[in-house]
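Engineer: Just dropping this structure here.
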Amino acid sequence: MILLKNETQIKGIRESCHELADLFNEIIPRVKPGVSTKEIDDWCVEFIRKHGGKPAWYAEDFPGAACISINNQVIHGVPSKKRFVEDGDLVSLDIGINLNGYVSDSCHTVMVGNVKPEHKKLVKVTREALLLGIDACRAGNRISDITNAVYDFCKNKNKFGVVYEYCGHGVGLEVHEDPSVPNYPGRGPNPRIQAGMVLAIEPMINEGCDDVEIEKGSDWTVITRDGSWSCHEEHTVAVYPDHTEVLTDLNYNGNSCLL
């Protein structure tokens, strides 16, 4: 069942999303060579608790406040004291905050140091695909309009792999809500987009094949099957009758670390 949010609920979700944007703006500049993924996660926990929230992933038994996925890791990378960021890495930070019962969800891939041109292109394309998906997320359209915008740009125009086993979703009162928001065309449910929907739109794009698998020895971490590198970008958005608001916009207060 799709939960349409009222303005009071969207206000609460927006506050959670703005806290998450502030977290990204503080944390992203600190993702540098030599830092462990556990250190990054500890910074996230400290920030979230300092600002009155709770790490949203704890509700789903994930062992961290942030999913930190590096290079061929697509999503759900588990923070570790033994995994260190290196020069040239792509580090995807997927973080959610529960603030007073309202859930935010966003992901950004950090390019660390001397990133290869082909990996810079992967990040650029994924970020552009997210914007195209958001642009297609309008009241009166259908979920497939978001899907097709992402897929056409990444697969057809740029020949990248598009992950189909994981997708975007409704969010706001729970971490994962209906509807699913795939990046890969299929025959699943295709509801019309309505005012009051709050959605997490999240392209997961691979430089190689579409296929993914669980990393050996892990219960969580998803990797590309061919070892190619991956990029993950995500925003939480709220749909209104005449526009769609990007609630997790890092520049909501004119202070984006990605500008």
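Ordering of the structure tokens sets the chain letters (A, B, ...), residue numbers begin anew at 1 in every chain, and ligands are numbered from 1 in the order given.
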Could you give me, as a ChimeraX atom specification, the residues within 6 Å of stretch 20-36 of chain A, counting only C-alpha atoms and dropping anything in the same chain fewer than 5 positions from it?

Structural biologist: /A:81,83-87,248,250,257

Engineer: Kindly export the residues of the current selection with C-alpha atoms, as a compact mmCIF listing (two decimals), in the first residue's frame.

Structural biologist:
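That gives us part.txt:
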```txt
# COMPACT_ATOMS: atom_id res chain seq x y z
CA LYS A 81 38.24 -1.21 10.91
CA ARG A 83 38.99 -1.46 5.15
CA PHE A 84 40.79 1.79 4.38
CA VAL A 85 40.01 4.39 1.74
CA GLU A 86 42.71 4.63 -0.93
CA ASP A 87 43.63 7.24 -3.51
CA THR A 248 17.88 15.81 0.57
CA LEU A 250 22.84 19.20 -0.29
CA CYS A 257 30.16 20.28 -0.49
```

Engineer: Please provide the set of residues having any atom within 8 Å of stretch 208-213 of chain A, restricted to only C-alpha atoms, with same-chain residues fewer than 3 positions apart removed, written as a list in words.

Structural biologist: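 Surrounding residues, per the criterion: Val74, Phe160, Gly161, Val162, Val163, Tyr164, Glu165, Ile205, Val222, Ile223, Thr224, Arg225, Asp226, Ser228 and Trp229 of chain A.
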
Engineer: List the spatial neighbours of stretch 171-188 of chain A as a PyMOL selection string - criterion: any atom at most 7 Å away, only C-alpha atoms, same-chain residues fewer than 5 positions off excluded.

Structural biologist: chain A and resi 1-2+13+56+101-104+143+147-148+150-151+162+164+198-201+203

Engineer: From the set A:Cys231, A:Val78, A:Val246, A:Met197, which residue has the shortest atom-to-atom contact distance to A:Cys107, counting only C-alpha atoms?

Structural biologist: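 Answer, going by the shortest atom-to-atom distance: A:Cys231.
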
Engineer: When you count only C-alpha atoms, which of these residues is closest to A:Phe62: A:Leu90, A:Ser218, A:Glu234, A:Glu207?

Structural biologist: A:Ser218

Engineer: I need the strand (DSSP E or B) residues of stretch 7-256 of chain A per DSSP on the backbone, written as a count of residues only.

Structural biologist: 69

Engineer: Just how far from atom CA of A:Ile75 is atom CA of A:Asp89, in Å to one decimal?

Structural biologist: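 Computing it gives 14.9 Å between the two atoms.
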
Engineer: Considering only C-alpha atoms, return as a PyMOL selection string whatever protein or nucleic-acid residues lie within 9 Å of A:Thr109, sequence-local ones (same chain, fewer than 6 positions apart) excluded.

Structural biologist: chain A and resi 69-70+90-94+123+231-233

Engineer: Could you write out the selected residues, including C-alpha atoms, as a tab-separated table (two decimals), in the first residue's frame?

Structural biologist:
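Now in selection08.tsv:
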```tsv
chain	number	residue	atom	x	y	z
A	69	SER	CA	30.59	0.63	-0.58
A	70	ILE	CA	33.93	0.96	-2.38
A	90	LEU	CA	34.94	5.56	-5.47
A	91	VAL	CA	33.29	5.50	-2.03
A	92	SER	CA	29.49	5.35	-1.93
A	93	LEU	CA	27.91	6.58	1.31
A	94	ASP	CA	24.30	5.45	1.71
A	123	VAL	CA	29.98	9.08	-11.47
A	231	CYS	CA	28.33	4.15	-8.55
A	232	HIS	CA	25.26	4.86	-6.42
A	233	GLU	CA	23.45	8.19	-6.15
```

Engineer: Pick the closest to A:Ile68 from A:Arg142, A:Lys82, A:Lys38, A:His51: which is it, counting only C-alpha atoms?

Structural biologist: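 Checking each candidate against A:Ile68, we get A:Lys38 as the closest.
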
Engineer: Go ahead and compute the interatomic distance for atom CA of A:Lys121 and atom CA of A:His108, in Å to one decimal.

Structural biologist: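 One can read the atom CA of A:Lys121 to atom CA of A:His108 distance as 14.8 Å.
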
Engineer: A:Trp43, A:Thr8, A:Gly88, A:Thr236: which is nearest A:Pro117, counting only C-alpha atoms?

Structural biologist: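 Of A:Trp43, A:Thr8, A:Gly88, A:Thr236, the one nearest A:Pro117, counting only C-alpha atoms, is A:Gly88.
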
Engineer: Between atom CA of A:Ser256 and atom CA of A:Val237, what is the spacing in Å?

Structural biologist: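 Between atom CA of A:Val237 and atom CA of A:Ser256 the gap works out to 17.3 Å.
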
Engineer: Nearest to A:Pro241: which of A:Gly133, A:Gly77, A:Gly196, A:Gly168 is it, counting only C-alpha atoms?

Structural biologist: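 So, comparing all the options, the nearest one is A:Gly196.
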